[in-house]
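> File input-v5.txt below, compact mmCIF, C-alpha atoms (C1' of nucleotides):
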```txt
# COMPACT_ATOMS: atom_id res chain seq x y z
CA MET A 218 62.20 115.34 4.57
CA PRO A 219 59.15 113.17 4.11
CA GLN A 220 56.13 114.29 6.05
CA SER A 221 55.30 110.80 7.22
CA LYS A 222 54.30 110.51 10.82
CA LYS A 223 56.95 108.81 12.87
CA ILE A 224 56.33 105.09 12.66
CA ASN A 225 57.64 103.26 15.63
CA PRO A 226 58.02 99.49 15.23
CA GLU A 227 57.71 98.96 18.96
CA GLU A 228 54.40 100.78 19.05
CA ILE A 229 53.07 98.80 16.14
CA LEU A 230 54.02 95.52 17.77
CA LYS A 231 52.44 96.44 21.07
CA HIS A 232 49.38 97.63 19.27
CA HIS A 233 49.06 94.16 17.82
CA GLU A 234 49.60 92.59 21.22
CA LEU A 235 53.01 91.28 20.36
CA LYS A 236 56.05 91.44 22.58
CA ALA A 237 58.54 93.93 21.22
CA THR A 238 61.56 91.71 21.00
CA PRO A 239 64.70 92.92 19.22
CA GLN A 240 64.20 90.29 16.51
CA ARG A 241 60.65 91.34 15.75
CA ILE A 242 61.62 94.98 15.74
CA GLU A 243 64.38 94.21 13.29
CA VAL A 244 62.09 92.30 10.94
CA LEU A 245 59.35 94.91 11.10
CA SER A 246 61.87 97.69 10.54
CA THR A 247 63.06 95.89 7.44
CA PHE A 248 59.52 95.87 6.07
CA LEU A 249 59.07 99.53 6.90
CA LYS A 250 62.40 100.49 5.37
CA ARG A 251 61.71 98.74 2.08
CA ASN A 252 58.13 99.58 1.54
CA GLN A 253 57.57 96.82 -0.96
CA VAL A 254 56.91 93.16 -1.40
CA MET A 255 59.80 90.96 -0.40
CA SER A 256 60.61 87.31 -0.93
CA LEU A 257 62.02 85.18 1.84
CA ALA A 258 65.38 85.28 0.13
CA GLU A 259 65.35 89.07 0.04
CA LEU A 260 64.38 89.23 3.68
CA ASN A 261 67.14 86.84 4.61
CA LYS A 262 69.58 88.92 2.65
CA MET A 263 68.55 92.17 4.27
CA LEU A 264 68.60 90.73 7.76
CA GLY A 265 72.01 89.21 7.34
CA LYS A 266 73.06 85.67 7.97
CA GLU A 267 73.41 86.18 11.71
CA PHE A 268 69.66 86.38 11.95
CA ASP A 269 68.31 82.98 12.91
CA ARG A 270 66.21 81.56 10.11
CA ILE A 271 63.88 79.65 12.41
CA THR A 272 63.16 82.82 14.31
CA LEU A 273 62.41 84.54 11.02
CA TYR A 274 60.14 81.68 10.02
CA ARG A 275 58.17 81.99 13.22
CA THR A 276 58.19 85.76 13.17
CA LEU A 277 56.64 85.80 9.72
CA ASN A 278 53.96 83.36 10.81
CA THR A 279 53.22 85.44 13.88
CA PHE A 280 53.08 88.67 11.90
CA GLU A 281 50.69 87.11 9.45
CA GLU A 282 48.43 85.72 12.14
CA HIS A 283 48.25 89.15 13.71
CA GLY A 284 47.53 90.93 10.44
CA LEU A 285 50.78 92.88 10.12
CA ILE A 286 51.75 91.22 6.87
CA HIS A 287 50.13 89.09 4.21
CA LYS A 288 51.52 86.37 2.00
CA ILE A 289 51.54 86.47 -1.78
CA PRO A 290 52.13 83.03 -3.27
CA ASP A 291 53.15 82.80 -6.91
CA SER A 292 52.79 80.07 -9.47
CA ASN A 293 56.18 78.62 -8.64
CA GLY A 294 55.24 78.02 -5.04
CA ASN A 295 57.35 80.91 -3.84
CA ILE A 296 55.87 83.07 -1.15
CA ASN A 297 56.33 86.81 -1.04
CA TYR A 298 55.55 88.96 1.94
CA ALA A 299 54.11 92.44 2.18
CA LEU A 300 53.13 94.78 4.96
CA CYS A 301 49.41 95.25 5.24
CA LYS A 302 48.65 98.88 4.45
CA HIS A 303 46.89 100.96 7.06
CA GLU A 304 48.14 98.25 9.33
CA SER A 305 50.88 100.27 10.87
CA LEU A 306 48.71 101.41 13.71
CA ASP A 307 45.26 99.94 13.41
CA HIS A 308 43.81 96.48 13.27
CA SER A 309 41.86 96.35 10.03
CA HIS A 310 42.98 93.46 7.91
CA ASN A 311 43.08 94.38 4.27
CA ASP A 312 44.94 92.15 1.95
CA ASN A 313 41.92 91.75 -0.25
CA HIS A 314 43.51 93.30 -3.30
CA ILE A 315 44.99 92.06 -6.55
CA HIS A 316 48.71 91.43 -6.89
CA PHE A 317 50.92 91.63 -9.92
CA GLN A 318 54.14 89.74 -10.46
CA CYS A 319 56.60 90.17 -13.29
CA THR A 320 57.68 86.75 -14.49
CA SER A 321 60.91 88.20 -15.77
CA CYS A 322 62.34 90.17 -12.83
CA ASN A 323 60.02 88.85 -10.12
CA LEU A 324 58.93 92.33 -9.12
CA THR A 325 55.78 91.87 -7.10
CA VAL A 326 53.40 94.68 -6.24
CA CYS A 327 50.19 95.16 -4.31
CA LEU A 328 47.51 96.82 -6.42
CA GLU A 329 45.87 98.28 -3.33
CA GLU A 330 43.26 100.14 -5.30
CA LEU A 331 42.02 97.01 -7.03
CA GLU A 332 39.77 94.96 -4.83
CA ILE A 333 39.21 91.35 -5.70
CA PRO A 334 35.75 90.98 -7.23
CA ILE A 335 33.34 88.79 -5.32
CA ILE A 336 32.40 85.69 -7.26
CA ARG A 337 29.48 83.40 -6.67
CA ILE A 338 30.65 79.86 -6.25
CA PRO A 339 28.67 76.67 -5.65
CA LYS A 340 27.23 76.77 -2.17
CA LYS A 341 28.96 73.62 -1.08
CA PHE A 342 32.13 75.68 -1.01
CA ASN A 343 32.31 78.19 1.79
CA PRO A 344 34.70 80.97 0.77
CA VAL A 345 36.95 82.61 3.34
CA LYS A 346 39.90 84.12 1.55
CA TYR A 347 40.54 85.23 -2.00
CA ILE A 348 43.86 85.11 -3.78
CA PHE A 349 44.17 86.91 -7.09
CA LEU A 350 47.55 87.15 -8.76
CA ILE A 351 48.20 88.50 -12.20
CA GLU A 352 51.44 87.38 -13.77
CA GLY A 353 52.95 89.24 -16.65
CA ILE A 354 55.71 91.57 -17.75
CA CYS A 355 56.44 94.89 -16.09
CA GLU A 356 57.21 98.06 -17.99
CA ASP A 357 60.94 97.86 -17.42
CA CYS A 358 61.31 94.28 -18.59
CA ASP A 359 59.02 94.91 -21.53
CA GLY A 360 61.22 97.82 -22.52
CA LYS A 361 64.33 95.71 -22.32
CA VAL A 362 62.82 93.03 -24.52
CA LYS A 363 61.78 95.53 -27.18
CA LYS A 364 65.15 97.20 -27.05
CA HIS A 365 66.85 93.86 -27.43
CA LYS A 366 64.71 93.05 -30.43
CA GLY A 367 65.48 96.40 -31.99
CA LEU A 368 61.88 97.52 -31.78
CA VAL A 369 62.65 100.78 -30.00
CA MET B 117 29.92 51.09 -17.35
CA PRO B 118 30.77 54.74 -18.06
CA GLN B 119 30.22 55.83 -21.62
CA SER B 120 33.53 57.68 -21.83
CA LYS B 121 35.36 57.27 -25.06
CA LYS B 122 38.52 55.26 -24.65
CA ILE B 123 41.28 57.63 -23.63
CA ASN B 124 44.66 56.41 -24.61
CA PRO B 125 47.61 58.03 -22.79
CA GLU B 126 49.95 57.23 -25.63
CA GLU B 127 47.73 58.96 -28.13
CA ILE B 128 47.45 62.02 -25.95
CA LEU B 129 51.21 62.24 -25.55
CA LYS B 130 51.84 61.89 -29.24
CA HIS B 131 49.17 64.42 -29.95
CA HIS B 132 51.12 66.87 -27.83
CA GLU B 133 54.35 65.97 -29.60
CA LEU B 134 55.78 64.16 -26.65
CA LYS B 135 57.57 60.87 -26.73
CA ALA B 136 55.43 58.17 -25.20
CA THR B 137 57.86 56.86 -22.63
CA PRO B 138 56.69 54.41 -19.95
CA GLN B 139 57.24 57.03 -17.26
CA ARG B 140 55.12 59.66 -18.98
CA ILE B 141 52.42 57.12 -19.68
CA GLU B 142 52.40 56.16 -16.03
CA VAL B 143 52.11 59.75 -14.82
CA LEU B 144 49.43 60.63 -17.33
CA SER B 145 47.51 57.47 -16.49
CA THR B 146 47.57 58.48 -12.84
CA PHE B 147 46.00 61.81 -13.71
CA LEU B 148 43.37 60.12 -15.86
CA LYS B 149 42.62 57.54 -13.20
CA ARG B 150 42.08 60.08 -10.44
CA ASN B 151 40.22 62.74 -12.28
CA GLN B 152 40.98 65.39 -9.71
CA VAL B 153 43.54 67.85 -8.47
CA MET B 154 46.57 66.22 -6.90
CA SER B 155 49.41 67.51 -4.82
CA LEU B 156 52.98 66.44 -5.46
CA ALA B 157 52.82 64.29 -2.34
CA GLU B 158 49.70 62.52 -3.59
CA LEU B 159 51.27 61.96 -6.97
CA ASN B 160 54.38 60.55 -5.35
CA LYS B 161 52.25 58.27 -3.24
CA MET B 162 50.24 56.96 -6.16
CA LEU B 163 53.28 56.40 -8.31
CA GLY B 164 55.11 54.54 -5.61
CA LYS B 165 58.58 55.16 -4.31
CA GLU B 166 60.25 53.31 -7.14
CA PHE B 167 59.28 56.15 -9.45
CA ASP B 168 62.21 58.52 -9.76
CA ARG B 169 61.33 61.88 -8.25
CA ILE B 170 63.52 63.88 -10.64
CA THR B 171 61.83 62.22 -13.58
CA LEU B 172 58.49 63.16 -12.07
CA TYR B 173 59.70 66.72 -11.55
CA ARG B 174 60.71 67.01 -15.16
CA THR B 175 57.65 65.20 -16.43
CA LEU B 176 55.38 67.66 -14.65
CA ASN B 177 57.28 70.59 -16.09
CA THR B 178 57.06 69.10 -19.55
CA PHE B 179 53.37 68.36 -19.22
CA GLU B 180 52.72 71.91 -18.10
CA GLU B 181 54.72 73.43 -20.91
CA HIS B 182 52.74 71.38 -23.39
CA GLY B 183 49.39 72.24 -21.89
CA LEU B 184 48.44 68.83 -20.55
CA ILE B 185 48.28 69.99 -16.95
CA HIS B 186 48.17 73.24 -15.05
CA LYS B 187 49.54 74.22 -11.67
CA ILE B 188 47.43 75.47 -8.79
CA PRO B 189 49.56 77.17 -6.15
CA ASP B 190 48.05 77.71 -2.73
CA SER B 191 48.81 80.21 0.00
CA ASN B 192 51.25 77.87 1.69
CA GLY B 193 53.42 77.66 -1.36
CA ASN B 194 52.26 74.16 -2.17
CA ILE B 195 51.59 73.40 -5.78
CA ASN B 196 48.74 71.21 -6.88
CA TYR B 197 48.39 69.76 -10.34
CA ALA B 198 45.36 69.16 -12.49
CA LEU B 199 44.71 67.85 -15.95
CA CYS B 200 43.59 70.53 -18.35
CA LYS B 201 40.03 69.70 -19.40
CA HIS B 202 39.31 69.18 -23.06
CA GLU B 203 43.02 68.68 -23.21
CA SER B 204 42.91 64.98 -23.63
CA LEU B 205 42.98 65.19 -27.36
CA ASP B 206 43.19 68.80 -28.49
CA HIS B 207 45.54 71.67 -27.94
CA SER B 208 43.43 74.42 -26.46
CA HIS B 209 44.89 75.63 -23.25
CA ASN B 210 42.22 76.39 -20.73
CA ASP B 211 43.25 76.78 -17.15
CA ASN B 212 41.65 80.19 -16.96
CA HIS B 213 39.15 79.24 -14.31
CA ILE B 214 38.77 79.78 -10.59
CA HIS B 215 39.99 77.19 -8.11
CA PHE B 216 38.76 76.38 -4.65
CA GLN B 217 40.78 74.87 -1.86
CA CYS B 218 39.52 73.69 1.50
CA THR B 219 41.90 74.87 4.20
CA SER B 220 40.82 72.01 6.41
CA CYS B 221 41.17 68.89 4.24
CA ASN B 222 43.12 70.45 1.36
CA LEU B 223 40.57 69.31 -1.19
CA THR B 224 41.25 71.36 -4.29
CA VAL B 225 38.86 71.64 -7.20
CA CYS B 226 38.73 73.31 -10.58
CA LEU B 227 35.60 75.43 -10.98
CA GLU B 228 35.68 74.98 -14.72
CA GLU B 229 32.50 76.89 -15.29
CA LEU B 230 33.80 79.98 -13.53
CA GLU B 231 36.08 82.01 -15.73
CA ILE B 232 38.40 84.49 -14.10
CA PRO B 233 37.03 87.99 -14.67
CA ILE B 234 39.23 90.31 -16.66
CA ILE B 235 40.47 93.22 -14.58
CA ARG B 236 41.91 96.46 -15.82
CA ILE B 237 45.29 97.05 -14.26
CA PRO B 238 47.70 99.99 -14.68
CA LYS B 239 49.12 99.88 -18.15
CA LYS B 240 52.67 99.62 -16.95
CA PHE B 241 51.83 96.04 -16.03
CA ASN B 242 51.36 93.74 -18.96
CA PRO B 243 49.16 90.82 -17.88
CA VAL B 244 49.77 87.34 -19.21
CA LYS B 245 48.30 84.86 -16.78
CA TYR B 246 45.66 85.05 -14.09
CA ILE B 247 45.59 83.03 -10.90
CA PHE B 248 42.44 83.09 -8.83
CA LEU B 249 42.17 80.82 -5.81
CA ILE B 250 39.39 80.87 -3.27
CA GLU B 251 40.25 79.34 0.06
CA GLY B 252 37.57 78.25 2.45
CA ILE B 253 35.77 75.29 3.95
CA CYS B 254 34.16 72.55 1.91
CA GLU B 255 30.77 71.08 2.69
CA ASP B 256 32.14 67.97 4.33
CA CYS B 257 34.49 69.78 6.68
CA ASP B 258 31.85 72.37 7.48
CA GLY B 259 29.50 69.54 8.40
CA LYS B 260 32.07 67.99 10.68
CA VAL B 261 32.67 71.26 12.48
CA LYS B 262 28.97 71.84 13.06
CA LYS B 263 28.50 68.27 14.21
CA HIS B 264 31.37 68.62 16.60
CA LYS B 265 29.90 71.80 18.01
CA GLY B 266 26.53 70.12 18.45
CA LEU B 267 24.87 72.43 15.96
CA VAL B 268 23.36 69.63 13.89
C1' DT C 162 67.82 48.03 -38.26
C1' DG C 163 70.71 51.81 -37.13
C1' DA C 164 71.26 56.62 -35.99
C1' DT C 165 70.26 60.31 -32.95
C1' DA C 166 67.95 63.55 -30.36
C1' DT C 167 65.76 63.14 -26.26
C1' DA C 168 64.52 61.14 -21.77
C1' DT C 169 65.90 58.91 -17.71
C1' DG C 170 68.24 57.91 -13.32
C1' DC C 171 71.60 59.05 -10.10
C1' DA C 172 74.55 62.12 -7.49
C1' DA C 173 74.90 66.24 -5.34
C1' DC C 174 73.65 70.43 -3.50
C1' DA C 175 70.58 74.36 -1.91
C1' DA C 176 66.48 76.29 0.03
C1' DT C 177 62.80 75.92 2.93
C1' DG C 178 59.33 73.89 6.26
C1' DT C 179 58.64 72.11 10.74
C1' DT C 180 59.14 70.19 15.45
C1' DT C 181 61.47 69.54 19.90
C1' DC C 182 63.65 71.31 23.76
C1' DA C 183 66.67 73.93 26.71
C1' DT C 184 67.58 78.67 27.57
C1' DT C 185 66.60 83.53 27.56
C1' DT C 186 63.82 87.51 28.12
C1' DG C 187 59.89 91.11 27.83
C1' DG C 188 56.22 92.59 30.47
C1' DT C 189 53.90 92.54 34.61
C1' DT C 190 53.19 92.37 39.45
C1' DA C 191 54.38 92.23 44.27
C1' DT D 98 63.16 97.48 41.91
C1' DA D 99 63.24 92.56 42.04
C1' DA D 100 61.23 88.43 40.92
C1' DC D 101 58.21 85.71 38.32
C1' DC D 102 56.23 83.51 34.25
C1' DA D 103 54.42 82.95 29.88
C1' DA D 104 56.31 83.53 25.65
C1' DA D 105 60.16 83.97 22.43
C1' DT D 106 64.53 82.53 20.88
C1' DG D 107 68.23 79.59 19.03
C1' DA D 108 70.21 75.23 18.04
C1' DA D 109 69.68 70.64 16.47
C1' DA D 110 67.59 67.57 13.65
C1' DC D 111 64.93 65.88 10.05
C1' DA D 112 61.92 65.98 5.80
C1' DT D 113 60.44 67.78 1.43
C1' DT D 114 61.20 69.89 -2.72
C1' DG D 115 63.76 72.39 -6.46
C1' DT D 116 67.46 72.20 -9.61
C1' DT D 117 71.62 71.06 -12.38
C1' DG D 118 75.21 68.03 -14.50
C1' DC D 119 76.30 63.91 -16.59
C1' DA D 120 76.46 59.13 -18.11
C1' DT D 121 73.33 55.78 -19.89
C1' DA D 122 69.16 54.14 -22.04
C1' DT D 123 65.55 54.46 -25.41
C1' DA D 124 61.58 56.17 -28.52
C1' DT D 125 61.16 57.59 -32.96
C1' DC D 126 62.29 58.11 -37.60
C1' DA D 127 64.81 57.41 -41.80
```
Turn the structure described in the file into structure tokens.

Amino acid sequence: MPQSKKINPEEILKHHELKATPQRIEVLSTFLKRNQVMSLAELNKMLGKEFDRITLYRTLNTFEEHGLIHKIPDSNGNINYALCKHESLDHSHNDNHIHFQCTSCNLTVCLEELEIPIIRIPKKFNPVKYIFLIEGICEDCDGKVKKHKGLV
Amino acid sequence: MPQSKKINPEEILKHHELKATPQRIEVLSTFLKRNQVMSLAELNKMLGKEFDRITLYRTLNTFEEHGLIHKIPDSNGNINYALCKHESLDHSHNDNHIHFQCTSCNLTVCLEELEIPIIRIPKKFNPVKYIFLIEGICEDCDGKVKKHKGLV
DNA sequence: TGATATATGCAACAATGTTTCATTTGGTTA
DNA sequence: TAACCAAATGAAACATTGTTGCATATATCA
């Protein structure tokens, strides 16, 4: 049995000053269950087609505004969603890390330990938010390619 | 009169081993005319509604594959397009710079002089492409806000 | 000029974003 | 506990964009 403290979706929602509706609890539970980055399509799939898509759309916006999740856009214009770490029960907003996405299998991960470096930009641009995505090939896909080419 | 050397869309296309069709010439000319980042909507607007949107879709893909333009995704999943500098007549592919986008007016600019810093990531992730976008407020919008608040 | 590989334009469909509005409901207060 | 109300939900409706298949048109080259 994992020694994680009991994480209660209702508590988290209330802590973020959000009404604990069944729909929000369901969405948040889905994030907690799959502790990884999810695309909208994956979310839709996990929630089932009975779940109203407009409600999901608004729920995601609300969660983002309140710092429960952050968006990870990729170069195709697809948006992935991830729980903000340390967000389960406190308010600190930390999505200021680098993300990696495999262009082959679309695996997307938060590299929590890698903060985005601060860059000086011309002073006529007032920075607020930094987005740093590294696209490439993950270990698994790399392995498959090499295997396929007879290199392993 | 600007002292720019004559830039011929047809030459550029042929240089990139692309057939110089009227549609491609029109799209490329639009990029050359407005020497700035454009969204799909802006492109559509400038080309006029007679221009077939599927042709534009494919033209943009082709241009990107051949290194004439690069895509700049933002956190809303919108993709902006920009000519690759120094791309007009040679092959070097240089979209490895930081971008800035104003969240108020959507102005998007290439900070050509700012290269994306190389970051060490866990070796199970094989990096290929780096995307670094800074979102914030541009000078103009900042000015408007301050004016509106009576701070200036 | 003729051949041909490629590009275009159209149809068709899917996914997603976004707003409006009537209805429902969680949280709070009397 | 009951009632109230601000907020959330769900349905409809519409727009934008991505994407593929296929018949036709055409840029390029021999």
> Please provide as a ChimeraX atom specification all residues within 12 Å of DA110 of chain D, with the sequence filter that same-chain residues fewer than 6 positions apart are discarded (counting all atoms listed in the file).
/C:179-182
> Give the residues of chain D that lie within 12 Å of chain A; count all atoms listed in the file, and format the answer as an mmCIF file with C-alpha atoms (C1' of nucleotides), in the frame of the given file.

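Writing done, so here's part-v1.cif:
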```
data_model
loop_
_atom_site.group_PDB
_atom_site.id
_atom_site.type_symbol
_atom_site.label_atom_id
_atom_site.label_comp_id
_atom_site.auth_asym_id
_atom_site.auth_seq_id
_atom_site.Cartn_x
_atom_site.Cartn_y
_atom_site.Cartn_z
ATOM 1 C "C1'" DA D 103 54.420 82.950 29.880
ATOM 2 C "C1'" DA D 104 56.310 83.530 25.650
ATOM 3 C "C1'" DA D 105 60.160 83.970 22.430
ATOM 4 C "C1'" DT D 106 64.530 82.530 20.880
ATOM 5 C "C1'" DG D 107 68.230 79.590 19.030
ATOM 6 C "C1'" DA D 108 70.210 75.230 18.040
ATOM 7 C "C1'" DA D 109 69.680 70.640 16.470
ATOM 8 C "C1'" DT D 114 61.200 69.890 -2.720
ATOM 9 C "C1'" DG D 115 63.760 72.390 -6.460
#
```
> Could the residues of chain C that have an atom at most 9 Å from chain A be listed as JSON lines, each with its closest atom pair and the distance in Å to one decimal, counting all atoms listed in the file and ordered by chain and ascending residue number?

```
{"residue": "C:DG178", "atom": "C1'", "partner": "A:Tyr274", "partner_atom": "CA", "distance": 8.7}
{"residue": "C:DT186", "atom": "C1'", "partner": "A:Thr238", "partner_atom": "CA", "distance": 8.6}
{"residue": "C:DG187", "atom": "C1'", "partner": "A:Lys236", "partner_atom": "CA", "distance": 6.5}
{"residue": "C:DG188", "atom": "C1'", "partner": "A:Lys236", "partner_atom": "CA", "distance": 8.0}
```
> Which residues are near segment 286-292 of chain A? Cut-off 9 Å, all atoms listed in the file, ignore same chain within fewer than 4 positions. Put them as a ChimeraX atom specification.
/A:254,277,280-282,296-302,304,311-312,316,318,325,348,350,352 /B:187-195,247
> Considering only C-alpha atoms, state which residue in the set B:Lys260, B:Cys218, B:Asn160, B:Ser145 is at the smallest distance from chain A.
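With only C-alpha atoms as the atom set, the closest residue is B:Cys218.
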> To one decimal place, how far is atom CA of Lys341 of chain A from atom CA of Cys254 of chain B in Å?
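Going from atom CA of Lys341 of chain A over to atom CA of Cys254 of chain B, I get 6.1 Å.
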> Could you state the separation of atom C1' of DA120 of chain D and atom C1' of DG163 of chain C in Å, given to one decimal place?
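That distance, rounded to one decimal, is 21.2 Å.
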> Rounded to one decimal place, report the atom CA of Pro243 of chain B-atom CA of Leu328 of chain A distance in Å.
13.0 Å
> For segment 162-178 of chain C, take all atoms listed in the file, fit an axis-aligned box around them, add 5 Å to each of the six sides, then output centre and edge lengths in Å rounded to one decimal, as lines of an AutoDock Vina configuration file.

```
center_x = 67.1
center_y = 62.2
center_z = -16.0
size_x = 25.6
size_y = 38.3
size_z = 54.5
```
> Go through B:Lys130, B:Ile250, B:Leu144, B:Asp256 one by one, measure the shortest atom-to-atom distance of each to chain A using all atoms listed in the file, and give the residue with the smallest value.
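Of all the options, B:Ile250 lies closest to chain A.
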> Neighbours of DA100 of chain D within 12 Å (all atoms listed in the file; same-chain residues fewer than 6 positions away dropped), as a ChimeraX atom specification?
/C:189-191
> Which one of D:DA122, D:DT98, D:DA127, D:DA112 sits closest to DT162 of chain C if you count all atoms listed in the file?
D:DA127
> Write out as a PyMOL selection string each polymer residue whose atoms come within 9 Å of Glu243 of chain A, counting only C-alpha atoms (C1' of nucleotides); drop sequence neighbours fewer than 5 positions from it.
chain A and resi 226+238+248+264
> Mind listing as a PyMOL selection string all residues within 10 Å of (31.1, 80.1, 0.0), counting all atoms listed in the file?
(chain A and resi 336-346) or (chain B and resi 216+250-255)
> Which is closer to chain B than all the others in A:Cys322, A:Leu285, A:Ile315, A:Met255, using only C-alpha atoms?
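Smallest distance to chain B is found for A:Ile315.
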> Using only C-alpha atoms (C1' of nucleotides), which protein or nucleic acid residues come within 9 Å of DT123 of chain D? Drop anything in the same chain fewer than 3 positions from it, and give the result as an mmCIF file with C-alpha atoms (C1' of nucleotides), keeping the file's coordinate frame.

```
data_model
loop_
_atom_site.group_PDB
_atom_site.id
_atom_site.type_symbol
_atom_site.label_atom_id
_atom_site.label_comp_id
_atom_site.auth_asym_id
_atom_site.auth_seq_id
_atom_site.Cartn_x
_atom_site.Cartn_y
_atom_site.Cartn_z
ATOM 1 C CA THR B 137 57.860 56.860 -22.630
ATOM 2 C "C1'" DT C 167 65.760 63.140 -26.260
ATOM 3 C "C1'" DA C 168 64.520 61.140 -21.770
ATOM 4 C "C1'" DT C 169 65.900 58.910 -17.710
#
```
> As a PDB file, in the coordinates of the input, please: segment 161-176 of chain B completed to N, CA, C and O atoms.

```pdb
ATOM      1  N   LYS B 161      52.832  59.427  -3.922  1.00  0.00           N
ATOM      2  CA  LYS B 161      52.250  58.270  -3.240  1.00  0.00           C
ATOM      3  C   LYS B 161      51.656  57.296  -4.245  1.00  0.00           C
ATOM      4  O   LYS B 161      51.889  56.090  -4.173  1.00  0.00           O
ATOM      5  N   MET B 162      50.892  57.839  -5.190  1.00  0.00           N
ATOM      6  CA  MET B 162      50.240  56.960  -6.160  1.00  0.00           C
ATOM      7  C   MET B 162      51.224  56.279  -7.087  1.00  0.00           C
ATOM      8  O   MET B 162      50.999  55.154  -7.532  1.00  0.00           O
ATOM      9  N   LEU B 163      52.313  56.968  -7.383  1.00  0.00           N
ATOM     10  CA  LEU B 163      53.280  56.400  -8.310  1.00  0.00           C
ATOM     11  C   LEU B 163      54.175  55.368  -7.621  1.00  0.00           C
ATOM     12  O   LEU B 163      54.782  54.519  -8.280  1.00  0.00           O
ATOM     13  N   GLY B 164      54.246  55.468  -6.317  1.00  0.00           N
ATOM     14  CA  GLY B 164      55.110  54.540  -5.610  1.00  0.00           C
ATOM     15  C   GLY B 164      56.520  55.059  -5.530  1.00  0.00           C
ATOM     16  O   GLY B 164      56.946  55.869  -6.353  1.00  0.00           O
ATOM     17  N   LYS B 165      57.261  54.574  -4.543  1.00  0.00           N
ATOM     18  CA  LYS B 165      58.580  55.160  -4.310  1.00  0.00           C
ATOM     19  C   LYS B 165      59.637  54.671  -5.284  1.00  0.00           C
ATOM     20  O   LYS B 165      60.757  55.165  -5.280  1.00  0.00           O
ATOM     21  N   GLU B 166      59.274  53.734  -6.134  1.00  0.00           N
ATOM     22  CA  GLU B 166      60.250  53.310  -7.140  1.00  0.00           C
ATOM     23  C   GLU B 166      60.346  54.350  -8.257  1.00  0.00           C
ATOM     24  O   GLU B 166      61.324  54.417  -8.978  1.00  0.00           O
ATOM     25  N   PHE B 167      59.283  55.157  -8.374  1.00  0.00           N
ATOM     26  CA  PHE B 167      59.280  56.150  -9.450  1.00  0.00           C
ATOM     27  C   PHE B 167      60.249  57.273  -9.101  1.00  0.00           C
ATOM     28  O   PHE B 167      60.159  57.896  -8.050  1.00  0.00           O
ATOM     29  N   ASP B 168      61.174  57.525 -10.017  1.00  0.00           N
ATOM     30  CA  ASP B 168      62.210  58.520  -9.760  1.00  0.00           C
ATOM     31  C   ASP B 168      61.625  59.924  -9.636  1.00  0.00           C
ATOM     32  O   ASP B 168      60.895  60.386 -10.504  1.00  0.00           O
ATOM     33  N   ARG B 169      61.966  60.598  -8.506  1.00  0.00           N
ATOM     34  CA  ARG B 169      61.330  61.880  -8.250  1.00  0.00           C
ATOM     35  C   ARG B 169      61.811  62.978  -9.207  1.00  0.00           C
ATOM     36  O   ARG B 169      61.077  63.904  -9.525  1.00  0.00           O
ATOM     37  N   ILE B 170      63.042  62.872  -9.693  1.00  0.00           N
ATOM     38  CA  ILE B 170      63.520  63.880 -10.640  1.00  0.00           C
ATOM     39  C   ILE B 170      62.804  63.708 -11.988  1.00  0.00           C
ATOM     40  O   ILE B 170      62.434  64.688 -12.638  1.00  0.00           O
ATOM     41  N   THR B 171      62.585  62.479 -12.351  1.00  0.00           N
ATOM     42  CA  THR B 171      61.830  62.220 -13.580  1.00  0.00           C
ATOM     43  C   THR B 171      60.422  62.794 -13.444  1.00  0.00           C
ATOM     44  O   THR B 171      59.896  63.416 -14.375  1.00  0.00           O
ATOM     45  N   LEU B 172      59.824  62.604 -12.273  1.00  0.00           N
ATOM     46  CA  LEU B 172      58.490  63.160 -12.070  1.00  0.00           C
ATOM     47  C   LEU B 172      58.535  64.684 -12.159  1.00  0.00           C
ATOM     48  O   LEU B 172      57.691  65.303 -12.808  1.00  0.00           O
ATOM     49  N   TYR B 173      59.522  65.267 -11.524  1.00  0.00           N
ATOM     50  CA  TYR B 173      59.700  66.720 -11.550  1.00  0.00           C
ATOM     51  C   TYR B 173      59.766  67.228 -12.993  1.00  0.00           C
ATOM     52  O   TYR B 173      59.060  68.159 -13.381  1.00  0.00           O
ATOM     53  N   ARG B 174      60.574  66.560 -13.777  1.00  0.00           N
ATOM     54  CA  ARG B 174      60.710  67.010 -15.160  1.00  0.00           C
ATOM     55  C   ARG B 174      59.475  66.693 -15.993  1.00  0.00           C
ATOM     56  O   ARG B 174      59.097  67.449 -16.885  1.00  0.00           O
ATOM     57  N   THR B 175      58.859  65.574 -15.690  1.00  0.00           N
ATOM     58  CA  THR B 175      57.650  65.200 -16.430  1.00  0.00           C
ATOM     59  C   THR B 175      56.546  66.234 -16.194  1.00  0.00           C
ATOM     60  O   THR B 175      55.847  66.648 -17.122  1.00  0.00           O
ATOM     61  N   LEU B 176      56.408  66.661 -14.949  1.00  0.00           N
ATOM     62  CA  LEU B 176      55.380  67.660 -14.650  1.00  0.00           C
ATOM     63  C   LEU B 176      55.664  68.971 -15.366  1.00  0.00           C
ATOM     64  O   LEU B 176      54.762  69.597 -15.922  1.00  0.00           O
TER      65      LEU B 176
END
```
